[in-house]
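Peer 1: There's a structure below that I have some questions on.
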Amino acid sequence: MDERYSRQIAFRGIGEKGHCKLSAAKVAIVGVGALGTVAADRLCRAGIGYLRLIDSDVVELSNLQRQMLYTEADIGKPKAATAQKHLQDINSDITIEALQTRIESADDPAMQGVDIVIDCTDNAKVRYLINESCHKSGIPWIHGAAAGSSGVVFAMVSGGACFRCLYADAEGKGDTAATLGMLSTLTSVVGSLEANEAMKVLVGAPTAGLMMFDIWSGTFEYIETSPDPDCPVCGK
């Protein structure tokens, strides 16, 4: 038993077989900001065999309040490559690829060749592209969003509702972190839950479905979902 992962392997939901699946898994994380740094950190420590970090931005001072992998010395540096370096210092046994790029097409190869995609962006247009890409390729993906003290996490797997089913037209609508602010405690919860749902998908465990919560008021709700037969992406 690997000493590094001994506590994780001891957990009945994962065990040695589950850990072998995690160590062989390939995960793409779109966006290495508030949610992505948390999700990447958790999956790195869990021993995911291959992580692909996708982000075109650089580190800014305002990021440090909630983007946990960066320090003051990183300001002005590319997020993907900087996160890669810090994560590799945490776990040198896994493979980490940094792509300083922006997702602009559902056919973008950055989202291909992996077992699961994790959405850690704050851009509805990119989420629609992830949704279309993953539906075409049959790759499950995890959606996460956070603003103010409210968060959403949803694992999209084959046969279930897709992002377009739930959000027919989300572009440019609703409150954002820019208007509501952002709690660093919230992004830690959302990013951790995204990583947790991804691990469940990878080991073959049932996902929790659509989770909506507010960490300031302490409310947590599970929402039942079903595919929209008229959905332009996954409908018949």
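Letters for chains follow the order of the structure tokens (A, B, ...), residue numbers begin at 1 for each chain, and ligand numbers begin at 1 in the order shown.
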Could you give me, as a list in words, the residues within 12 Å of Ala205 of chain A, counting only C-alpha atoms and dropping anything in the same chain fewer than 2 positions from it?

Peer 2: Arg12, Gly13, Ile14, Gly18, Lys21, Ala155, Val157, Asn196, Glu197, Ala198, Met199, Lys200, Val201, Leu202, Val203, Thr207 and Ala208 of chain A

Peer 1: Write a file of the just-selected residues containing N, CA, C and O atoms, as a tab-separated table (two decimals), in the first residue's frame.

Peer 2:
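Result file is out10.tsv:
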```
chain	number	residue	atom	x	y	z
A	12	ARG	N	-13.60	3.02	2.19
A	12	ARG	CA	-14.30	1.92	1.55
A	12	ARG	C	-14.82	2.28	0.15
A	12	ARG	O	-14.88	1.43	-0.75
A	13	GLY	N	-15.17	3.54	-0.06
A	13	GLY	CA	-15.70	3.93	-1.36
A	13	GLY	C	-14.67	3.93	-2.47
A	13	GLY	O	-15.04	3.95	-3.65
A	14	ILE	N	-13.39	3.90	-2.11
A	14	ILE	CA	-12.33	3.90	-3.12
A	14	ILE	C	-11.54	2.60	-3.08
A	14	ILE	O	-11.55	1.84	-4.04
A	18	GLY	N	-10.27	1.23	-6.61
A	18	GLY	CA	-10.63	2.60	-6.97
A	18	GLY	C	-9.40	3.46	-7.14
A	18	GLY	O	-9.32	4.28	-8.05
A	21	LYS	N	-7.85	3.01	-10.44
A	21	LYS	CA	-8.58	3.73	-11.48
A	21	LYS	C	-8.21	5.22	-11.48
A	21	LYS	O	-8.05	5.83	-12.53
A	155	ALA	N	-22.77	16.99	-11.88
A	155	ALA	CA	-22.05	16.03	-12.71
A	155	ALA	C	-22.94	15.61	-13.88
A	155	ALA	O	-24.04	15.12	-13.67
A	157	VAL	N	-23.46	13.13	-16.84
A	157	VAL	CA	-23.03	11.83	-17.32
A	157	VAL	C	-23.99	11.35	-18.41
A	157	VAL	O	-25.07	11.92	-18.60
A	196	ASN	N	-14.59	15.95	-5.91
A	196	ASN	CA	-15.20	14.77	-5.31
A	196	ASN	C	-16.12	14.05	-6.29
A	196	ASN	O	-16.09	12.82	-6.42
A	197	GLU	N	-16.95	14.83	-7.02
A	197	GLU	CA	-17.84	14.23	-8.01
A	197	GLU	C	-17.04	13.59	-9.14
A	197	GLU	O	-17.40	12.53	-9.65
A	198	ALA	N	-15.94	14.23	-9.53
A	198	ALA	CA	-15.09	13.66	-10.58
A	198	ALA	C	-14.50	12.33	-10.13
A	198	ALA	O	-14.47	11.35	-10.90
A	199	MET	N	-14.05	12.25	-8.89
A	199	MET	CA	-13.50	11.00	-8.37
A	199	MET	C	-14.56	9.91	-8.34
A	199	MET	O	-14.28	8.75	-8.66
A	200	LYS	N	-15.79	10.28	-8.00
A	200	LYS	CA	-16.87	9.30	-7.96
A	200	LYS	C	-17.15	8.75	-9.36
A	200	LYS	O	-17.35	7.54	-9.54
A	201	VAL	N	-17.16	9.64	-10.35
A	201	VAL	CA	-17.37	9.19	-11.73
A	201	VAL	C	-16.24	8.24	-12.14
A	201	VAL	O	-16.48	7.19	-12.74
A	202	LEU	N	-15.02	8.59	-11.81
A	202	LEU	CA	-13.86	7.81	-12.23
A	202	LEU	C	-13.81	6.42	-11.60
A	202	LEU	O	-13.32	5.47	-12.21
A	203	VAL	N	-14.30	6.30	-10.37
A	203	VAL	CA	-14.28	4.97	-9.71
A	203	VAL	C	-15.58	4.21	-9.92
A	203	VAL	O	-15.72	3.08	-9.47
A	207	THR	N	-23.23	9.59	-8.73
A	207	THR	CA	-23.02	11.01	-8.43
A	207	THR	C	-24.20	11.56	-7.64
A	207	THR	O	-25.25	10.92	-7.55
A	208	ALA	N	-24.03	12.75	-7.09
A	208	ALA	CA	-25.04	13.33	-6.21
A	208	ALA	C	-26.14	14.08	-6.95
A	208	ALA	O	-27.14	14.45	-6.37
```

Peer 1: Tell me, as a list in words, which residues lie within 8 Å of Asp41 of chain A, counting only C-alpha atoms; anything in the same chain fewer than 3 positions away does not count.

Peer 2: Thr37, Val38, Cys44, Arg45, Leu69 and Leu87 of chain A

Peer 1: Would you write out those residues with N, CA and C atoms, as a PDB file, in the first residue's frame?

Peer 2:
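The resulting out37.pdb:
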```
ATOM      1  N   THR A  37      -8.101  26.023  -9.059  1.00  0.00           N
ATOM      2  CA  THR A  37      -6.942  25.769  -8.205  1.00  0.00           C
ATOM      3  C   THR A  37      -7.297  24.794  -7.082  1.00  0.00           C
ATOM      4  N   VAL A  38      -8.524  24.897  -6.576  1.00  0.00           N
ATOM      5  CA  VAL A  38      -8.963  23.977  -5.515  1.00  0.00           C
ATOM      6  C   VAL A  38      -9.137  22.563  -6.079  1.00  0.00           C
ATOM      7  N   CYS A  44      -4.724  16.424  -7.534  1.00  0.00           N
ATOM      8  CA  CYS A  44      -3.286  16.175  -7.481  1.00  0.00           C
ATOM      9  C   CYS A  44      -2.929  15.355  -6.248  1.00  0.00           C
ATOM     10  N   ARG A  45      -3.465  15.745  -5.116  1.00  0.00           N
ATOM     11  CA  ARG A  45      -3.177  15.032  -3.867  1.00  0.00           C
ATOM     12  C   ARG A  45      -3.815  13.645  -3.860  1.00  0.00           C
ATOM     13  N   LEU A  69      -3.543  28.347  -5.140  1.00  0.00           N
ATOM     14  CA  LEU A  69      -2.218  27.876  -5.523  1.00  0.00           C
ATOM     15  C   LEU A  69      -1.207  28.992  -5.758  1.00  0.00           C
ATOM     16  N   LEU A  87       1.738  22.452  -8.221  1.00  0.00           N
ATOM     17  CA  LEU A  87       1.162  21.118  -8.070  1.00  0.00           C
ATOM     18  C   LEU A  87       2.231  20.036  -8.203  1.00  0.00           C
TER      19      LEU A  87
END
```

Peer 1: Can you tell me which residues surround Ser217 of chain A at a distance of at most 12 Å, considering only C-alpha atoms, apart from same-chain residues fewer than 5 positions away, and format the answer as a JSON list (two decimals) with all heavy atoms, in the first residue's frame?

Peer 2:
```
[["chain", "number", "residue", "atom", "x", "y", "z"],
["A", 148, "GLY", "N", -20.91, 35.24, -4.73],
["A", 148, "GLY", "CA", -21.37, 35.64, -3.41],
["A", 148, "GLY", "C", -21.12, 34.52, -2.42],
["A", 148, "GLY", "O", -19.98, 34.15, -2.13],
["A", 149, "SER", "N", -22.20, 33.96, -1.89],
["A", 149, "SER", "CA", -22.08, 32.81, -0.99],
["A", 149, "SER", "C", -22.81, 31.59, -1.54],
["A", 149, "SER", "O", -22.95, 30.60, -0.84],
["A", 149, "SER", "CB", -22.67, 33.18, 0.39],
["A", 149, "SER", "OG", -24.04, 33.55, 0.28],
["A", 150, "SER", "N", -23.26, 31.68, -2.80],
["A", 150, "SER", "CA", -24.05, 30.60, -3.41],
["A", 150, "SER", "C", -23.23, 29.79, -4.40],
["A", 150, "SER", "O", -22.46, 30.36, -5.19],
["A", 150, "SER", "CB", -25.28, 31.18, -4.12],
["A", 150, "SER", "OG", -26.11, 31.87, -3.21],
["A", 151, "GLY", "N", -23.42, 28.49, -4.38],
["A", 151, "GLY", "CA", -22.68, 27.61, -5.27],
["A", 151, "GLY", "C", -23.56, 26.57, -5.92],
["A", 151, "GLY", "O", -24.64, 26.23, -5.41],
["A", 186, "LEU", "N", -16.39, 29.75, -0.06],
["A", 186, "LEU", "CA", -17.32, 29.19, -1.04],
["A", 186, "LEU", "C", -16.56, 28.49, -2.16],
["A", 186, "LEU", "O", -16.90, 27.36, -2.54],
["A", 186, "LEU", "CB", -18.21, 30.28, -1.62],
["A", 186, "LEU", "CG", -19.08, 29.84, -2.80],
["A", 186, "LEU", "CD1", -20.15, 28.85, -2.34],
["A", 186, "LEU", "CD2", -19.73, 31.05, -3.47]]
```

Peer 1: Point out the residue among A:Arg4, A:His135, A:Lys26, A:Lys17 with the least atom-to-atom distance to Ala161 of chain A, counting only C-alpha atoms.

Peer 2: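 Of A:Arg4, A:His135, A:Lys26, A:Lys17, the one nearest Ala161 of chain A is A:His135, counting only C-alpha atoms.
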
Peer 1: I need the strand (DSSP E or B) residues of segment 45-225 of chain A per DSSP on the backbone, written as a ChimeraX atom specification.

Peer 2: /A:50-54,58,78,95-99,116-119,141-148,150-156,182,210-214,219-223

Peer 1: I want to know what sits within 10 Å of Tyr167 of chain A, based on only C-alpha atoms, with residues of the same chain fewer than 5 positions away left out; could you give that as a tab-separated table (two decimals) with N, CA, C and O atoms, in the first residue's frame?

Peer 2:
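Result file selection-v7.tsv:
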```tsv
chain	number	residue	atom	x	y	z
A	124	ALA	N	-20.28	31.57	-19.38
A	124	ALA	CA	-21.36	30.71	-19.86
A	124	ALA	C	-21.09	30.19	-21.26
A	124	ALA	O	-21.40	29.04	-21.58
A	128	TYR	N	-21.11	26.21	-22.52
A	128	TYR	CA	-21.87	25.63	-23.62
A	128	TYR	C	-20.94	24.86	-24.57
A	128	TYR	O	-21.32	23.80	-25.10
A	162	CYS	N	-28.22	17.58	-19.74
A	162	CYS	CA	-26.99	18.28	-20.05
A	162	CYS	C	-27.13	19.74	-19.63
A	162	CYS	O	-28.20	20.18	-19.18
```

Peer 1: Please determine, counting only C-alpha atoms, which residue among A:Leu43, A:Gly33, A:Val233, A:Phe163 has the shortest atom-to-atom distance to Val58 of chain A.

Peer 2: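 Among the listed residues, A:Gly33 lies closest to Val58 of chain A.
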
Peer 1: Tell me, in Å to one decimal, how far atom CA of Ala73 of chain A is from atom CA of Asn91 of chain A.

Peer 2: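 For atom CA of Ala73 of chain A relative to atom CA of Asn91 of chain A, the distance reads 20.9 Å.
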
Peer 1: At a cut-off of 12 Å, using only C-alpha atoms, what residues contact Arg127 of chain A? Leave out same-chain residues fewer than 2 positions from it and give the result as a PyMOL selection string.

Peer 2: chain A and resi 30-31+103-106+111+117-125+129-134+141-145+162-164+167-171

Peer 1: Step one, run DSSP on the backbone; step two, keep only residues of segment 150-196 of chain A assigned to alpha helix (DSSP H); then write them as a PyMOL selection string.

Peer 2: chain A and resi 163-166+177-180+184-196

Peer 1: Could you tell me which of A:Glu60, A:Asp55, A:Asp214, A:Glu3 comes closest to Met182 of chain A if we count only C-alpha atoms?

Peer 2: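 Of A:Glu60, A:Asp55, A:Asp214, A:Glu3, the one nearest Met182 of chain A, counting only C-alpha atoms, is A:Asp214.
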
Peer 1: Record the distance separating atom CA of Ala80 of chain A and atom CA of Glu97 of chain A, expressed in Å with one decimal.

Peer 2: 8.5 Å

Peer 1: For Glu224 of chain A, which of A:Ala24, A:Val190, A:Leu210, A:Val114 is the closest residue, counting only C-alpha atoms?

Peer 2: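 Checking each of A:Ala24, A:Val190, A:Leu210, A:Val114 against Glu224 of chain A, counting only C-alpha atoms, the winner is A:Leu210.
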
Peer 1: Under the rule that only C-alpha atoms are counted, which of A:Asp93, A:His86, A:Gly36, A:Ser6 is the nearest residue to Glu194 of chain A?

Peer 2: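 When distances to Glu194 of chain A are compared using only C-alpha atoms, the smallest one comes from A:Gly36.
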
Peer 1: Which residues are near Asp115 of chain A? Cut-off 7 Å, only C-alpha atoms, ignore same chain within fewer than 2 positions. Put them as a PyMOL selection string.

Peer 2: chain A and resi 25-27+139

Peer 1: Please produce a file of those selected residues containing all heavy atoms, as a CSV table (one decimal), in the first residue's frame.

Peer 2:
```
chain,number,residue,atom,x,y,z
A,25,ALA,N,-6.3,7.6,-14.4
A,25,ALA,CA,-7.3,8.6,-15.0
A,25,ALA,C,-6.6,9.8,-15.6
A,25,ALA,O,-5.6,10.2,-15.2
A,25,ALA,CB,-8.3,9.0,-14.0
A,26,LYS,N,-7.3,10.4,-16.6
A,26,LYS,CA,-6.8,11.6,-17.3
A,26,LYS,C,-8.0,12.6,-17.1
A,26,LYS,O,-9.1,12.4,-17.5
A,26,LYS,CB,-6.5,11.4,-18.7
A,26,LYS,CG,-5.4,10.5,-19.0
A,26,LYS,CD,-5.1,10.3,-20.5
A,26,LYS,CE,-3.9,9.5,-20.7
A,26,LYS,NZ,-3.6,9.4,-22.2
A,27,VAL,N,-7.6,13.8,-16.5
A,27,VAL,CA,-8.6,14.8,-16.2
A,27,VAL,C,-8.2,16.1,-16.8
A,27,VAL,O,-7.0,16.6,-16.6
A,27,VAL,CB,-8.8,15.0,-14.7
A,27,VAL,CG1,-9.8,16.1,-14.3
A,27,VAL,CG2,-9.2,13.6,-14.0
A,139,ILE,N,-17.8,12.1,-23.2
A,139,ILE,CA,-17.0,12.3,-22.0
A,139,ILE,C,-17.8,13.0,-20.9
A,139,ILE,O,-18.4,14.0,-21.1
A,139,ILE,CB,-15.8,13.3,-22.3
A,139,ILE,CG1,-14.8,12.6,-23.3
A,139,ILE,CG2,-15.0,13.6,-21.0
A,139,ILE,CD1,-13.7,13.5,-23.8
```

Peer 1: For a quick check of understanding, using only C-alpha atoms, which of A:Ala10, A:Gly138, A:Gln100, A:Cys234 has the smallest distance to Ile116 of chain A?

Peer 2: A:Gly138

Peer 1: Please indicate the distance in Å from atom CA of Arg42 of chain A to atom CA of Gln112 of chain A, rounded to one decimal place.

Peer 2: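 A separation of 21.8 Å between them.
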